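start.tsv, holding TSV, C-alpha atoms:
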```
chain	number	residue	atom	x	y	z
O	1	MET	CA	-9.90	3.46	-4.40
O	2	LYS	CA	-12.09	5.51	-2.12
O	3	PHE	CA	-10.67	6.95	1.07
O	4	ILE	CA	-12.68	4.62	3.32
O	5	GLN	CA	-11.45	1.61	1.32
O	6	TYR	CA	-7.88	2.78	1.84
O	7	LEU	CA	-8.47	3.13	5.58
O	8	ASN	CA	-9.96	-0.38	5.69
O	9	ALA	CA	-6.96	-1.73	3.77
O	10	ARG	CA	-4.60	-0.04	6.24
O	11	SER	CA	-6.42	-1.64	9.15
O	12	GLU	CA	-6.35	-5.03	7.44
O	13	TYR	CA	-2.61	-4.70	6.80
O	14	GLU	CA	-2.00	-3.85	10.45
O	15	ARG	CA	-4.10	-6.81	11.59
O	16	LEU	CA	-2.39	-9.26	9.24
O	17	VAL	CA	1.19	-8.24	10.07
O	18	SER	CA	0.69	-8.04	13.83
O	19	GLY	CA	2.54	-11.35	14.33
O	20	PHE	CA	5.17	-10.83	11.64
O	21	VAL	CA	8.81	-9.88	12.07
O	22	LEU	CA	9.13	-6.30	10.82
O	23	PRO	CA	11.02	-3.16	11.80
O	24	GLU	CA	9.04	-1.24	14.42
O	25	ASP	CA	7.97	1.50	11.99
O	26	LYS	CA	6.61	-0.98	9.39
O	27	TYR	CA	3.64	-2.22	11.43
O	28	GLN	CA	1.59	0.85	10.45
O	29	GLY	CA	-0.46	0.51	7.28
O	30	THR	CA	1.25	3.27	5.34
O	31	ILE	CA	2.18	3.24	1.67
O	32	ASP	CA	5.84	3.24	2.70
O	33	SER	CA	5.30	0.19	4.92
O	34	MET	CA	3.50	-1.69	2.17
O	35	GLN	CA	6.23	-0.90	-0.34
O	36	TRP	CA	8.85	-2.06	2.15
O	37	PHE	CA	6.90	-5.25	2.84
O	38	LEU	CA	6.79	-6.16	-0.86
O	39	LYS	CA	10.54	-5.57	-1.21
O	40	LYS	CA	11.86	-7.04	2.06
O	41	GLY	CA	9.01	-8.57	4.06
O	42	HIS	CA	9.50	-12.04	2.63
O	43	THR	CA	12.86	-12.48	4.35
O	44	ALA	CA	11.53	-13.44	7.78
O	45	ASN	CA	7.84	-13.91	7.00
O	46	ARG	CA	7.31	-15.92	3.82
O	47	PHE	CA	6.35	-19.06	5.73
O	48	ARG	CA	3.99	-17.31	8.14
O	49	LYS	CA	0.26	-17.76	7.91
O	50	GLY	CA	-1.26	-14.79	6.08
O	51	PHE	CA	1.87	-13.86	4.13
O	52	ASP	CA	0.12	-14.31	0.78
O	53	ASP	CA	-2.85	-12.27	2.00
O	54	VAL	CA	-0.61	-9.37	3.05
O	55	THR	CA	1.26	-9.52	-0.24
O	56	GLU	CA	-1.98	-9.45	-2.23
O	57	LEU	CA	-3.33	-6.57	-0.16
O	58	CYS	CA	-0.13	-4.54	-0.62
O	59	HIS	CA	-0.17	-5.12	-4.39
O	60	HIS	CA	-3.81	-4.07	-4.59
O	61	VAL	CA	-3.38	-0.89	-2.54
O	62	LEU	CA	-0.21	0.20	-4.35
O	63	LYS	CA	-1.76	-0.49	-7.74
O	64	GLU	CA	-4.77	1.64	-6.82
O	65	MET	CA	-2.57	4.42	-5.48
O	66	CYS	CA	-0.57	4.45	-8.73
O	67	LYS	CA	-3.82	4.88	-10.66
O	68	PHE	CA	-4.72	7.77	-8.37
O	69	GLU	CA	-1.34	9.43	-8.86
O	70	VAL	CA	-1.54	9.02	-12.64
O	71	ASP	CA	-5.08	10.46	-12.69
O	72	GLU	CA	-4.04	13.33	-10.43
O	73	GLN	CA	-1.01	14.11	-12.62
O	74	TYR	CA	-3.21	14.01	-15.72
O	75	ASP	CA	-5.66	16.42	-14.10
O	76	LEU	CA	-2.80	18.75	-13.16
O	77	GLU	CA	-1.46	18.67	-16.71
O	78	LEU	CA	-4.89	19.43	-18.13
O	79	GLY	CA	-5.26	22.30	-15.69
O	80	GLU	CA	-1.96	23.77	-16.79
O	81	GLU	CA	-2.92	23.55	-20.49
O	82	GLU	CA	-6.21	25.30	-19.85
O	83	ASN	CA	-4.40	28.20	-18.18
O	84	ASP	CA	-1.98	28.70	-21.10
```

Any chance you could put this one into structure tokens?
Amino acid sequence: MKFIQYLNARSEYERLVSGFVLPEDKYQGTIDSMQWFLKKGHTANRFRKGFDDVTELCHHVLKEMCKFEVDEQYDLELGEEEND
């Protein structure tokens, strides 16, 4: 996921959850907020319009971020082997 795509996804998250019931700090489109939403956001919001869209967006972003972290870790490990 490119940086601009991540920023767009954050904005979309913030737009979609603007009418949802969330803790005050979970309205920002951060990775932490998206993780929280997938774990606990269904409690007061599962029947709200757009719930499925937010859930799908969160899954997509977190999946892409996991790929990034795995790739970054792999690059770090390769870098360490080259220095040995």

Problem - All residues 10 Å or closer to Arg46 (chain O), only C-alpha atoms, same chain fewer than 6 positions away omitted, as a VMD selection string - result: chain O and resid 20 52 55

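Distance-wise, CA of Lys63 (chain O) and CA of Glu24 (chain O) end up 24.7 Å apart.
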
Problem - Nearest candidate to Leu7 (chain O) (options O:Gly19, O:Asp25, O:Thr30, O:His59; using only C-alpha atoms) - result: O:Thr30

Neighbouring residues of region 14-17 of chain O were defined as those with any atom within 6 Å, considering only C-alpha atoms; residues of the same chain fewer than 5 positions away were excluded. Please report them as an mmCIF file with C-alpha atoms, in the coordinates of the input.
```cif
data_model
loop_
_atom_site.group_PDB
_atom_site.id
_atom_site.type_symbol
_atom_site.label_atom_id
_atom_site.label_comp_id
_atom_site.auth_asym_id
_atom_site.auth_seq_id
_atom_site.Cartn_x
_atom_site.Cartn_y
_atom_site.Cartn_z
ATOM 1 C CA TYR O 27 3.640 -2.220 11.430
ATOM 2 C CA GLN O 28 1.590 0.850 10.450
ATOM 3 C CA GLY O 29 -0.460 0.510 7.280
#
```

Completion exercise
Among O:Thr43, O:Gly50, O:Met1, O:Asn8, Val21 (chain O) is approached most closely, using only C-alpha atoms, by O:Thr43

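Shortest atom-to-atom contact with Ser18 (chain O) among O:Val54, O:Asp32, O:Leu38, O:Phe3: O:Val54, counting all atoms listed in the file.
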
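The shortest atom-to-atom distance to Ala9 (chain O), with all atoms listed in the file taken into account, belongs to O:Glu56 out of O:Pro23, O:Glu56, O:Lys40, O:Lys67.
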
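Going from CA of Met34 (chain O) over to CA of Cys58 (chain O), you cover 5.4 Å.
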
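Between Leu62 (chain O) and the candidates O:Asn45, O:Ser11, O:Gln5, O:Gln35, the tightest atom-to-atom separation, counting all atoms listed in the file, involves O:Gln35.
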
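The nearest approach to Phe51 (chain O) among the residues O:Ile31, O:Trp36, O:Tyr13, O:Phe68, with only C-alpha atoms taken into account, belongs to O:Tyr13.
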
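Taking CA of Arg10 (chain O) as the reference point, CA of Phe47 (chain O) is found at 22.0 Å.
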